[in-house]
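Structure file my_file_15.txt (compact mmCIF, C-alpha atoms and all ligand atoms) is printed below.
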# COMPACT_ATOMS: atom_id res chain seq x y z
CA MET A 120 -19.41 12.22 -2.42
CA SER A 121 -21.81 9.29 -1.88
CA ASP A 122 -20.16 5.88 -1.67
CA ASN A 123 -22.33 4.59 -4.49
CA SER A 124 -20.78 6.92 -7.02
CA ARG A 125 -17.24 6.75 -5.59
CA THR A 126 -14.36 5.35 -7.57
CA ALA A 127 -10.96 4.07 -6.48
CA ILE A 128 -7.68 2.60 -7.71
CA VAL A 129 -5.94 0.08 -5.46
CA THR A 130 -2.36 -0.77 -6.45
CA GLY A 131 -1.24 -4.27 -5.48
CA GLY A 132 -4.92 -5.03 -4.99
CA ALA A 133 -4.76 -8.67 -6.11
CA LYS A 134 -3.63 -10.26 -2.85
CA GLY A 135 -3.11 -9.77 0.88
CA ILE A 136 -3.88 -6.35 2.33
CA GLY A 137 -4.70 -4.92 -1.12
CA ALA A 138 -7.36 -7.58 -1.75
CA ALA A 139 -8.93 -6.82 1.66
CA ILE A 140 -8.99 -3.10 0.74
CA VAL A 141 -10.66 -3.90 -2.60
CA ARG A 142 -13.34 -5.97 -0.82
CA LYS A 143 -13.89 -3.32 1.88
CA LEU A 144 -14.26 -0.42 -0.60
CA SER A 145 -16.52 -2.47 -2.86
CA ALA A 146 -18.74 -3.40 0.12
CA SER A 147 -19.41 0.32 0.65
CA GLY A 148 -20.43 0.72 -3.02
CA THR A 149 -17.14 2.03 -4.44
CA SER A 150 -16.14 0.95 -7.98
CA VAL A 151 -12.55 -0.28 -7.81
CA ALA A 152 -9.79 -0.68 -10.38
CA ILE A 153 -7.18 -3.20 -9.21
CA ILE A 154 -3.72 -2.48 -10.65
CA ASP A 155 -1.32 -5.36 -10.05
CA LEU A 156 1.45 -7.39 -11.70
CA ASP A 157 -0.15 -10.74 -10.83
CA GLU A 158 -2.65 -11.10 -13.67
CA GLU A 159 -4.24 -14.35 -12.56
CA ALA A 160 -4.85 -13.24 -8.95
CA ALA A 161 -6.06 -9.78 -10.03
CA ARG A 162 -8.55 -11.17 -12.55
CA THR A 163 -9.78 -13.88 -10.14
CA LEU A 164 -10.47 -11.27 -7.44
CA ALA A 165 -12.12 -8.86 -9.90
CA ASP A 166 -14.50 -11.66 -10.95
CA GLN A 167 -15.55 -12.13 -7.30
CA VAL A 168 -15.97 -8.49 -6.26
CA PRO A 169 -18.92 -6.37 -7.47
CA GLY A 170 -17.85 -3.26 -9.41
CA ALA A 171 -14.16 -4.29 -9.54
CA PHE A 172 -11.97 -4.80 -12.60
CA ALA A 173 -8.29 -5.59 -13.11
CA LEU A 174 -5.49 -3.89 -15.01
CA ILE A 175 -1.96 -5.25 -15.22
CA ALA A 176 1.03 -2.92 -14.71
CA ASP A 177 4.24 -2.55 -12.74
CA VAL A 178 3.83 0.43 -10.39
CA GLY A 179 7.55 1.20 -10.77
CA ASP A 180 7.18 1.72 -14.54
CA HIS A 181 5.83 5.28 -15.01
CA LYS A 182 4.80 4.72 -18.64
CA ALA A 183 3.03 1.39 -18.13
CA LEU A 184 1.35 2.63 -14.95
CA GLY A 185 0.28 5.82 -16.77
CA GLU A 186 -1.51 3.74 -19.40
CA ALA A 187 -3.20 1.64 -16.69
CA ILE A 188 -4.31 4.67 -14.67
CA GLU A 189 -5.65 6.36 -17.80
CA ALA A 190 -7.61 3.20 -18.72
CA ALA A 191 -8.87 2.89 -15.13
CA CYS A 192 -10.08 6.51 -15.00
CA ALA A 193 -11.81 6.14 -18.38
CA GLN A 194 -13.64 2.99 -17.23
CA LEU A 195 -14.43 4.47 -13.78
CA ASN A 196 -15.49 7.77 -15.35
CA GLY A 197 -13.23 9.77 -12.96
CA LEU A 198 -11.18 9.07 -9.85
CA ASP A 199 -11.95 9.88 -6.19
CA VAL A 200 -9.52 7.66 -4.26
CA LEU A 201 -5.98 6.34 -4.83
CA ILE A 202 -4.68 3.62 -2.52
CA ASN A 203 -0.91 3.13 -2.86
CA ASN A 204 -0.63 -0.38 -1.48
CA ALA A 205 1.68 -2.35 -3.81
CA GLY A 206 4.86 -3.39 -2.03
CA TRP A 207 7.54 -6.02 -1.84
CA ASP A 208 10.21 -7.07 0.67
CA HIS A 209 13.18 -9.37 1.03
CA VAL A 210 14.70 -9.90 4.47
CA GLN A 211 18.52 -9.93 4.58
CA ARG A 212 21.19 -8.25 6.71
CA PHE A 213 22.11 -4.98 4.95
CA THR A 214 25.84 -5.78 4.64
CA ASP A 215 24.94 -9.03 2.81
CA THR A 216 22.75 -7.30 0.19
CA GLU A 217 23.71 -6.04 -3.28
CA PRO A 218 22.70 -2.79 -5.01
CA SER A 219 20.45 -4.76 -7.40
CA LEU A 220 18.24 -5.65 -4.42
CA TRP A 221 18.15 -2.00 -3.27
CA ASP A 222 17.08 -0.99 -6.80
CA LYS A 223 14.22 -3.50 -6.81
CA LEU A 224 13.02 -2.43 -3.35
CA ILE A 225 13.14 1.27 -4.30
CA HIS A 226 11.50 0.61 -7.70
CA ILE A 227 8.43 -0.99 -6.12
CA ASN A 228 8.11 0.53 -2.63
CA LEU A 229 9.14 4.13 -3.29
CA LYS A 230 9.05 4.91 -7.03
CA GLY A 231 5.76 2.99 -7.26
CA VAL A 232 4.23 5.46 -4.79
CA PHE A 233 5.75 8.49 -6.57
CA ASN A 234 4.51 7.25 -9.97
CA ALA A 235 0.92 6.51 -8.96
CA THR A 236 0.62 9.75 -6.98
CA HIS A 237 2.08 11.81 -9.85
CA LEU A 238 -0.30 10.21 -12.36
CA ALA A 239 -3.42 10.30 -10.15
CA ILE A 240 -3.28 13.86 -8.78
CA PRO A 241 -4.45 15.51 -12.07
CA GLN A 242 -7.36 13.03 -12.14
CA LEU A 243 -8.31 13.87 -8.53
CA ILE A 244 -8.07 17.63 -9.22
CA ALA A 245 -10.33 17.18 -12.28
CA ARG A 246 -12.87 15.56 -9.94
CA GLY A 247 -12.69 18.56 -7.53
CA GLY A 248 -10.68 16.74 -4.83
CA GLY A 249 -10.13 13.28 -3.45
CA ARG A 250 -8.29 10.97 -1.12
CA ILE A 251 -4.84 9.36 -1.30
CA VAL A 252 -3.96 6.65 1.22
CA ASN A 253 -0.43 5.24 1.31
CA VAL A 254 0.29 1.86 2.86
CA ALA A 255 3.76 2.19 4.41
CA SER A 256 4.99 0.07 7.34
CA ASP A 257 5.99 0.38 10.98
CA ALA A 258 9.47 -0.54 9.64
CA GLY A 259 9.49 3.03 8.31
CA ARG A 260 8.67 4.48 11.75
CA VAL A 261 10.85 2.43 14.07
CA GLY A 262 13.31 0.58 11.79
CA SER A 263 13.63 -3.17 11.29
CA SER A 264 16.63 -5.54 11.25
CA GLY A 265 17.05 -7.23 7.87
CA GLU A 266 14.84 -4.65 6.20
CA ALA A 267 17.05 -1.54 6.09
CA VAL A 268 16.32 -0.48 2.50
CA TYR A 269 12.65 -1.53 2.70
CA ALA A 270 12.37 0.52 5.93
CA ALA A 271 14.08 3.48 4.20
CA CYS A 272 11.49 3.26 1.39
CA LYS A 273 8.64 3.15 3.89
CA GLY A 274 10.13 6.04 5.92
CA GLY A 275 10.37 7.87 2.59
CA THR A 276 6.71 7.10 1.92
CA ILE A 277 5.77 8.60 5.30
CA ALA A 278 7.70 11.82 4.54
CA PHE A 279 6.26 11.87 0.99
CA THR A 280 2.74 11.55 2.44
CA LYS A 281 3.21 14.68 4.56
CA SER A 282 4.78 16.74 1.74
CA ILE A 283 2.09 15.83 -0.80
CA ALA A 284 -0.59 16.51 1.83
CA ARG A 285 0.80 20.06 2.11
CA GLU A 286 0.96 20.53 -1.69
CA THR A 287 -2.53 19.23 -2.51
CA ALA A 288 -4.70 20.49 0.39
CA ARG A 289 -5.75 23.53 -1.64
CA HIS A 290 -7.20 21.15 -4.25
CA GLY A 291 -9.37 19.35 -1.68
CA ILE A 292 -7.11 16.29 -1.68
CA THR A 293 -6.13 14.59 1.57
CA VAL A 294 -3.07 12.35 1.84
CA ASN A 295 -2.68 9.97 4.77
CA CYS A 296 -0.64 6.92 5.62
CA VAL A 297 -1.41 3.57 7.26
CA CYS A 298 1.53 1.66 8.79
CA PRO A 299 0.72 -2.01 9.25
CA GLY A 300 2.62 -4.08 11.76
CA PRO A 301 3.25 -7.75 10.83
CA THR A 302 0.16 -8.91 8.93
CA ASP A 303 -0.93 -12.37 7.85
CA THR A 304 -0.49 -12.16 4.04
CA PRO A 305 1.34 -14.00 1.20
CA LEU A 306 4.21 -11.46 1.62
CA LEU A 307 4.73 -12.53 5.23
CA ASP A 308 4.57 -16.24 4.24
CA GLU A 309 7.39 -15.53 1.78
CA ILE A 310 9.47 -13.77 4.44
CA LYS A 311 8.91 -16.57 6.98
CA ARG A 312 10.53 -19.13 4.62
CA ASP A 313 13.83 -17.76 5.96
CA GLU A 314 14.44 -19.41 9.35
CA ARG A 315 16.01 -16.35 10.97
CA ALA A 316 13.24 -14.08 9.68
CA LYS A 317 10.64 -16.52 11.05
CA ALA A 318 12.33 -16.48 14.49
CA THR A 319 12.35 -12.66 14.46
CA MET A 320 8.69 -12.61 13.45
CA ASP A 321 7.74 -15.03 16.26
CA ALA A 322 9.60 -12.79 18.76
CA ILE A 323 7.75 -9.74 17.42
CA VAL A 324 4.40 -11.48 17.92
CA ARG A 325 5.39 -12.33 21.53
CA ALA A 326 6.27 -8.66 22.09
CA THR A 327 2.95 -7.46 20.63
CA PRO A 328 0.38 -6.60 23.34
CA ASN A 329 -2.33 -8.32 21.24
CA ARG A 330 -0.03 -11.42 20.91
CA ARG A 331 -0.94 -12.07 17.24
CA LEU A 332 -0.45 -10.92 13.65
CA ALA A 333 -2.84 -8.42 12.12
CA GLN A 334 -5.41 -9.73 9.68
CA PRO A 335 -5.54 -7.92 6.29
CA GLU A 336 -9.14 -6.85 7.00
CA GLU A 337 -7.95 -4.85 10.04
CA ILE A 338 -5.54 -2.86 7.88
CA ALA A 339 -8.28 -2.38 5.28
CA GLU A 340 -10.57 -0.83 7.95
CA ALA A 341 -7.96 1.85 8.69
CA VAL A 342 -7.38 2.51 4.97
CA ALA A 343 -11.15 2.81 4.40
CA PHE A 344 -11.34 5.32 7.28
CA PHE A 345 -8.83 7.65 5.59
CA ALA A 346 -10.47 7.03 2.19
CA ALA A 347 -13.69 8.57 3.54
CA ALA A 348 -12.35 10.89 6.27
CA PRO A 349 -13.12 14.64 6.45
CA ALA A 350 -10.90 17.08 4.50
CA HIS A 351 -9.27 18.30 7.73
CA VAL A 352 -7.72 14.85 8.35
CA THR A 353 -4.56 15.03 6.27
CA GLY A 354 -0.83 14.32 6.57
CA GLN A 355 -1.49 11.73 9.29
CA VAL A 356 0.23 8.42 10.00
CA LEU A 357 -1.70 5.60 11.70
CA SER A 358 -0.07 2.38 12.90
CA VAL A 359 -2.18 -0.78 12.99
CA SER A 360 0.06 -3.09 14.97
CA GLY A 361 -1.83 -4.53 17.96
CA GLY A 362 -0.05 -2.04 20.25
CA LEU A 363 3.49 -3.09 19.21
CA THR A 364 4.20 0.51 18.19
CA MET A 365 2.47 3.47 19.79
CA ALA A 366 2.17 7.12 18.76
CA GLY A 367 4.77 9.47 20.23
N1 LIG A 401 2.32 -8.18 5.44
C1 LIG A 401 2.96 -7.42 6.32
O1 LIG A 401 3.37 -7.89 7.39
C2 LIG A 401 3.17 -5.95 6.04
C3 LIG A 401 3.65 -5.16 7.10
C4 LIG A 401 3.87 -3.82 6.88
C5 LIG A 401 3.58 -3.25 5.64
N2 LIG A 401 3.11 -4.04 4.63
C6 LIG A 401 2.85 -3.37 3.35
O2 LIG A 401 1.51 -3.61 2.98
C7 LIG A 401 1.40 -3.60 1.54
C8 LIG A 401 0.71 -4.87 1.09
O3 LIG A 401 1.52 -5.96 1.51
P1 LIG A 401 0.98 -7.47 1.57
O4 LIG A 401 1.53 -8.07 2.79
O5 LIG A 401 -0.48 -7.52 1.30
O6 LIG A 401 1.82 -8.08 0.33
P2 LIG A 401 1.43 -9.24 -0.71
O7 LIG A 401 2.73 -9.69 -1.31
O8 LIG A 401 0.57 -10.24 -0.04
O9 LIG A 401 0.60 -8.43 -1.79
C9 LIG A 401 1.23 -7.38 -2.52
C10 LIG A 401 0.56 -7.21 -3.86
O10 LIG A 401 1.32 -6.21 -4.58
C11 LIG A 401 1.56 -6.70 -5.90
N3 LIG A 401 2.78 -6.11 -6.43
C12 LIG A 401 4.07 -6.35 -6.02
N4 LIG A 401 4.92 -5.64 -6.78
C13 LIG A 401 4.17 -4.94 -7.68
C14 LIG A 401 4.48 -4.03 -8.72
N5 LIG A 401 5.75 -3.72 -9.00
N6 LIG A 401 3.47 -3.50 -9.43
C15 LIG A 401 2.19 -3.84 -9.17
N7 LIG A 401 1.83 -4.68 -8.19
C16 LIG A 401 2.82 -5.23 -7.45
C17 LIG A 401 1.67 -8.21 -5.74
O11 LIG A 401 1.45 -8.89 -6.97
C18 LIG A 401 0.58 -8.49 -4.70
O12 LIG A 401 -0.68 -8.70 -5.29
C19 LIG A 401 2.83 -3.44 1.02
O13 LIG A 401 3.08 -2.09 0.71
C20 LIG A 401 3.68 -3.91 2.19
O14 LIG A 401 4.98 -3.33 2.16
C21 LIG A 401 2.90 -5.37 4.81

Go ahead and render the structure in this file as structure tokens.
Amino acid sequence: MSDNSRTAIVTGGAKGIGAAIVRKLSASGTSVAIIDLDEEAARTLADQVPGAFALIADVGDHKALGEAIEAACAQLNGLDVLINNAGWDHVQRFTDTEPSLWDKLIHINLKGVFNATHLAIPQLIARGGGRIVNVASDAGRVGSSGEAVYAACKGGTIAFTKSIARETARHGITVNCVCPGPTDTPLLDEIKRDERAKATMDAIVRATPNRRLAQPEEIAEAVAFFAAAPAHVTGQVLSVSGGLTMAG
């Protein structure tokens, strides 16, 4: 599988970590379909990145995502790599939240991963194997105040990664998971508008051995590693958090 003929889908690829993944994969010669809800950002990035193009769909909508993945695979002429990166968060103490917020968090962060994986696996099998990389969060490994349902979705994504890795190994598909710690992206800017969330984030940075946020490009490096790793590397979870969280 030479990089120059490799193809990938990156969900939520328009901004933040996803955009860094799109740039990283493209730099190694991979043709990339960006699937995102933000049409303007997705199209602007696709115009800047060689071999990239944009499709607009909500990852939580199985039908709309199915049409986008079908169009992507037709344009790419087959699929080698799926990066499940799209995500969303809203920081609020659990007892203050309403079920409508839980539904939105689950729709994007958990069902989005189920949908894309379900739709992409037949395409990867048709290609003779491939790579799936899920972007979860350290919130899913160690928990996070104000992010209970988001953390549950990310913990679910970690468990889903391991189960799908077991189911698809015989097809030559690996499934691995990257857990970013706090990373300098538009999502974090949004979270930091809340004063309490900003104070928590500042405390987290002080507790991080590297004493800073991650840059999106650092997360993209780890994703790109799994996207090209040997077939025996599967079902693994890698934190990229400046030492804030360490493997057990
Ligand atoms: N930034 C952090 O500190 C951090 C930490 C841990 C994990 N993460 C995870 O990393 C991933 C990327 O986060 P980010 O910080 O780059 O976020 P971001 O908000 O900067 O970018 C997310 C992208 O996903 C897209 N998106 C959101 N909902 C979508 C949907 N329903 N369908 C399609 N696209 C959708 C957005 O339009 C955006 O382009 C997410 O899964 C997030 O949970 C981020």

Within-8 Å residues of ligand LIG 401 (chain A), basis all atoms listed in the file, as a ChimeraX atom specification: /A:130-138,154-157,160-161,175-180,203-208,226-228,231,254-258,269,273,298-307,332-333,335

Counting all atoms listed in the file, the residue of A:Ala271, A:Ile323, A:Ala350, A:Ala366 that sits nearest A:Thr293: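 Under the stated criterion, the closest residue is A:Ala350.
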
Distance criterion (only C-alpha atoms): nearest to A:Ser150 out of A:Ile188, A:Leu164, A:Ile292, A:Val200: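 Looking only at the distances to A:Ser150, the closest residue turns out to be A:Val200.
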
Pairwise distance for atom CA of A:His290 and atom CA of A:Glu337, rounded to one decimal in Å: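 Calculated distance between atom CA of A:His290 and atom CA of A:Glu337 is 29.7 Å.
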
Exercise: stretch 169-174 of chain A partners within 8 Å, only C-alpha atoms, chain neighbours under 2 positions left out, as a list in words: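 Here the qualifying residues turn out to be Val141, Ser145, Gly148, Thr149, Ser150, Val151, Ala152, Ile153, Ile154, Asp155, Glu158, Ala161, Arg162, Ala165, Asp166, Gln167, Ala176, Ala187 and Ala191 of chain A.
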
Straight-line distance linking atom CA of A:Thr214 with atom CA of A:Ser263, stated in Å to one decimal: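 We find that atom CA of A:Thr214 and atom CA of A:Ser263 lie 14.1 Å from each other.
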
Given only C-alpha atoms as the counted atoms, nearest of A:Glu336, A:Gln355, A:Ile140, A:Ala348 to A:Arg250: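 For A:Arg250, the nearest of the candidates is A:Ala348.
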
Proximity to A:Leu201 - best of A:Val297, A:Val168, A:Val261, A:Ala239, all atoms listed in the file: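 Counting all atoms listed in the file, the residue closest to A:Leu201 is A:Ala239.
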
Atom pair atom CA of A:Leu198 / atom CA of A:Gln334: separation (Å):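 Interatomic distance, atom CA of A:Leu198 to atom CA of A:Gln334: 27.7 Å.
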
Polymer residues at most 9 Å from stretch 314-317 of chain A, only C-alpha atoms, same-chain spacing of 6 or more positions, as an NGL selection string: :A and (210-211 or 265)

7 Å contact set for A:Gly354, only C-alpha atoms, chain neighbours under 3 positions out, as a PyMOL selection string: chain A and resi 280-281+284+294-295

Residue among A:Arg289, A:Ala346, A:Ser264, A:Ala339 lying closest to A:Thr319, counting all atoms listed in the file: A:Ser264

Selected residue of minimal separation from A:Lys223 among A:Ala288, A:Leu357, A:Ala347, A:Val268, counting only C-alpha atoms: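 Using only C-alpha atoms, A:Lys223 sits closest to A:Val268.
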